[in-house]
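**Q** Starting off with a structure, shown below.
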Amino acid sequence: MAEHDPNALTLFDTGLPAPRTGGFMDLTDPEYSYMFGFVQADGHLAAGAGRKGRLTVEINVRDIAILREFQRLTPYNSSIRERVRATNFSSSHHSATWTLCSLEARTVMNELGLPYGSKSRRIKPPRVDFSPRDYLRGVIDADGSVGYTGQGFPFLSLTTASTAVGAYLCFYAKKVTGTRRSIARNGRDDVYNILYTMEAAVSLAEHFYYPGCLALPRKQASATSLATWQRPPGLKPRAKNRRWKPWEDELLLRSGDAAAAAVELDRTTASCSVRLWRLRSGQIQG
């Protein structure tokens with residue numbers, strides 16, 4: 001049964017259109033909610049002259065099965081074609097592309113929140129009732145990763161240029177795991193890299209990739225494998241971040257000695273040193 005998240009409407013939208021009540025792309029259906037998240041992240045909606053235009057999703061041919069699922073879910077004519085071409089990463093990249101030309105279908109997708117043209121920064125969670133964990137699994141399948149790090153620790157991540165989608169994942173993941181994340185664009189690509197590790201990653205993988213859900217088979221397998229992970233003996237959980245209070249900043253500035261203040265504040269000397277430098281350099285206001 002689909003889950004619904006009314007908080008998404010008030011947090012990330014300015015208006016509420018009339019909800020869809022069944023049929024193509026009814027986002028209370030977990031499969032359509034997943035499909036919309038995937039297409040929003042990895043699809044392209046192009047307008048043409050008159051009634052012409054198309055929705056395309058191009059992915060590595062190894063994941064062609066998910067395109068066949070989208071074709072199954074779509075009651076309009078669509079096609080799947082394969083091609084091999086040179087890219088920046090491979091001289092013979094083998095991809096599969098799903099193409100949907102129906103104006104009626106494109107209009108539905110556009111009204112739900114799939115913009116025409118460049119969209120990476122403009123996409124946001126739907127403004128209608130939807131299934132949040134299925135929607136986010138679709139986004140993660142398209143633009144995220146799940147599995148183990150090189151050190152053997154579980155992780156789940158998302159790379160997105162959309163502030164609304166990044167913030168919504170952080171909001172939703174906190175409800176599921178209690179783990180807080182704040183987002184900031186990285187300096188190199190100007191996108192958000194949101195990462196969960198250890199127990200938080202295990203909990204999210206179990207929540208998003210539940211048995212029988214629509215998903216990329218390889219990511220479903222990776223998510224399922226995390227369920228057996230156990231924290232190695234002697235590896236202590238990371239302490240939760242403590243927000244700095246005004247009186248702590250005042251004490252730190254008054255002391256001027258990070259090591260001495262660390263004892264009184266029950267914080268590490270390193271954290272006090274960084275905080276003191278930021279206060280003195282004007283990066284934050286005390």
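Identifiers for the structure tokens are assigned positionally: chains receive A, B, ... in sequence, residues are indexed from 1 per chain, and ligands are indexed from 1 in the order shown.
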Could you give me, as number ranges by chain, the residues within 12 Å of Arg180 (chain A), counting only C-alpha atoms and dropping anything in the same chain fewer than 6 positions from it?

**A** A: 167-174, 194-196, 200, 240-243

**Q** If we count only C-alpha atoms, what is near Phe153 (chain A) at a cut-off of 12 Å, once residues fewer than 4 positions away on the same chain are taken out, given as JSON, numbers by chain?

**A** {"A": [146, 147, 148, 149, 196, 197, 198, 199, 200, 201, 202, 225, 226, 227, 228, 229, 230, 231, 232, 235]}

**Q** Per DSSP on the backbone, what are the strand (DSSP E or B) residues of region 90-246 of chain A, as a PyMOL selection string?

**A** chain A and resi 93-100+116+144-148+154-160+185+192-197

**Q** Could you take the residues named above and write them with N, CA, C and O atoms, as a short mmCIF file (atom, residue, chain, number, x, y, z; two decimals), in the first residue's frame?

**A**
data_model
loop_
_atom_site.label_atom_id
_atom_site.label_comp_id
_atom_site.auth_asym_id
_atom_site.auth_seq_id
_atom_site.Cartn_x
_atom_site.Cartn_y
_atom_site.Cartn_z
N HIS A 93 30.23 2.99 -25.90
CA HIS A 93 29.20 2.94 -24.86
C HIS A 93 27.91 2.36 -25.44
O HIS A 93 27.36 2.90 -26.41
N HIS A 94 27.41 1.29 -24.83
CA HIS A 94 26.20 0.61 -25.30
C HIS A 94 25.03 1.06 -24.41
O HIS A 94 25.00 0.77 -23.22
N SER A 95 24.09 1.78 -24.99
CA SER A 95 22.98 2.32 -24.21
C SER A 95 21.64 1.88 -24.79
O SER A 95 21.54 1.39 -25.92
N ALA A 96 20.60 2.08 -23.99
CA ALA A 96 19.22 1.82 -24.41
C ALA A 96 18.40 3.07 -24.12
O ALA A 96 18.57 3.70 -23.08
N THR A 97 17.52 3.43 -25.06
CA THR A 97 16.71 4.64 -24.92
C THR A 97 15.24 4.31 -25.06
O THR A 97 14.82 3.68 -26.04
N TRP A 98 14.47 4.74 -24.08
CA TRP A 98 13.00 4.63 -24.13
C TRP A 98 12.47 5.98 -24.61
O TRP A 98 12.83 7.02 -24.08
N THR A 99 11.60 5.96 -25.63
CA THR A 99 11.05 7.18 -26.21
C THR A 99 9.53 7.15 -26.19
O THR A 99 8.91 6.18 -26.64
N LEU A 100 8.94 8.23 -25.69
CA LEU A 100 7.49 8.38 -25.61
C LEU A 100 7.13 9.71 -26.24
O LEU A 100 7.60 10.76 -25.81
N TYR A 116 10.14 20.91 -19.30
CA TYR A 116 10.72 20.80 -20.64
C TYR A 116 12.13 21.39 -20.61
O TYR A 116 12.40 22.35 -19.90
N GLY A 144 21.82 7.99 -7.91
CA GLY A 144 22.46 7.66 -6.64
C GLY A 144 23.18 6.34 -6.67
O GLY A 144 23.30 5.70 -7.73
N SER A 145 23.65 5.93 -5.51
CA SER A 145 24.38 4.67 -5.39
C SER A 145 24.05 4.03 -4.05
O SER A 145 23.70 4.72 -3.08
N VAL A 146 24.21 2.72 -3.99
CA VAL A 146 24.01 1.98 -2.75
C VAL A 146 24.94 0.79 -2.78
O VAL A 146 25.13 0.16 -3.82
N GLY A 147 25.56 0.48 -1.65
CA GLY A 147 26.48 -0.65 -1.61
C GLY A 147 27.48 -0.50 -0.49
O GLY A 147 27.15 0.01 0.59
N TYR A 148 28.72 -0.94 -0.74
CA TYR A 148 29.78 -0.89 0.26
C TYR A 148 30.92 0.00 -0.22
O TYR A 148 31.27 -0.01 -1.41
N PRO A 154 28.80 0.07 4.70
CA PRO A 154 27.62 0.31 3.87
C PRO A 154 27.40 1.80 3.63
O PRO A 154 27.70 2.63 4.49
N PHE A 155 26.88 2.13 2.44
CA PHE A 155 26.58 3.53 2.14
C PHE A 155 25.39 3.61 1.20
O PHE A 155 25.08 2.67 0.46
N LEU A 156 24.73 4.74 1.24
CA LEU A 156 23.67 5.10 0.29
C LEU A 156 23.87 6.58 -0.01
O LEU A 156 24.02 7.38 0.92
N SER A 157 23.90 6.94 -1.29
CA SER A 157 24.20 8.32 -1.65
C SER A 157 23.33 8.80 -2.80
O SER A 157 22.76 8.02 -3.55
N LEU A 158 23.26 10.12 -2.92
CA LEU A 158 22.55 10.75 -4.04
C LEU A 158 23.34 11.97 -4.48
O LEU A 158 23.79 12.76 -3.66
N THR A 159 23.51 12.12 -5.79
CA THR A 159 24.10 13.32 -6.38
C THR A 159 23.00 14.02 -7.17
O THR A 159 22.41 13.43 -8.07
N THR A 160 22.72 15.26 -6.83
CA THR A 160 21.65 15.99 -7.50
C THR A 160 21.99 17.47 -7.56
O THR A 160 22.68 18.00 -6.68
N ARG A 185 26.32 22.77 -1.96
CA ARG A 185 26.87 22.42 -3.27
C ARG A 185 28.39 22.28 -3.17
O ARG A 185 29.04 23.06 -2.48
N TYR A 192 24.94 18.77 -5.24
CA TYR A 192 24.87 18.25 -3.88
C TYR A 192 25.27 16.78 -3.88
O TYR A 192 24.76 15.99 -4.68
N ASN A 193 26.17 16.43 -2.99
CA ASN A 193 26.54 15.02 -2.77
C ASN A 193 26.09 14.64 -1.37
O ASN A 193 26.71 15.05 -0.38
N ILE A 194 24.99 13.89 -1.29
CA ILE A 194 24.40 13.53 0.01
C ILE A 194 24.75 12.08 0.30
O ILE A 194 24.45 11.19 -0.50
N LEU A 195 25.36 11.84 1.45
CA LEU A 195 25.88 10.51 1.77
C LEU A 195 25.40 10.04 3.14
O LEU A 195 25.47 10.80 4.12
N TYR A 196 24.94 8.81 3.18
CA TYR A 196 24.62 8.13 4.44
C TYR A 196 25.47 6.87 4.54
O TYR A 196 25.65 6.16 3.53
N THR A 197 25.99 6.60 5.72
CA THR A 197 26.83 5.43 5.91
C THR A 197 26.40 4.64 7.14
O THR A 197 25.52 5.07 7.89
#

**Q** Using only C-alpha atoms, determine which residues lie at most 12 Å from Leu45 (chain A), disregarding the query and same-chain residues fewer than 5 positions distant; provide the list as JSON, numbers by chain.

**A** {"A": [39, 40, 52, 53, 54, 55, 56, 57, 58, 98, 99, 100, 101, 102, 103, 105, 106, 107, 108, 109, 110, 111, 113, 114, 115, 116, 117, 118, 119, 120]}

**Q** Any idea what the distance is between CA of Asp190 (chain A) and CA of Gly43 (chain A)?

**A** 20.2 Å

**Q** Could you check how far CA of Ser79 (chain A) sits from CA of Ile59 (chain A), in Å to one decimal?

**A**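 CA of Ile59 (chain A) lies 13.9 Å from CA of Ser79 (chain A).
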
**Q** List every residue of region 166-253 of chain A that DSSP, applied to the backbone of this structure, assigns to alpha helix (DSSP H), and report them as a PyMOL selection string.

**A** chain A and resi 166-177+198-208+217-225+246-253
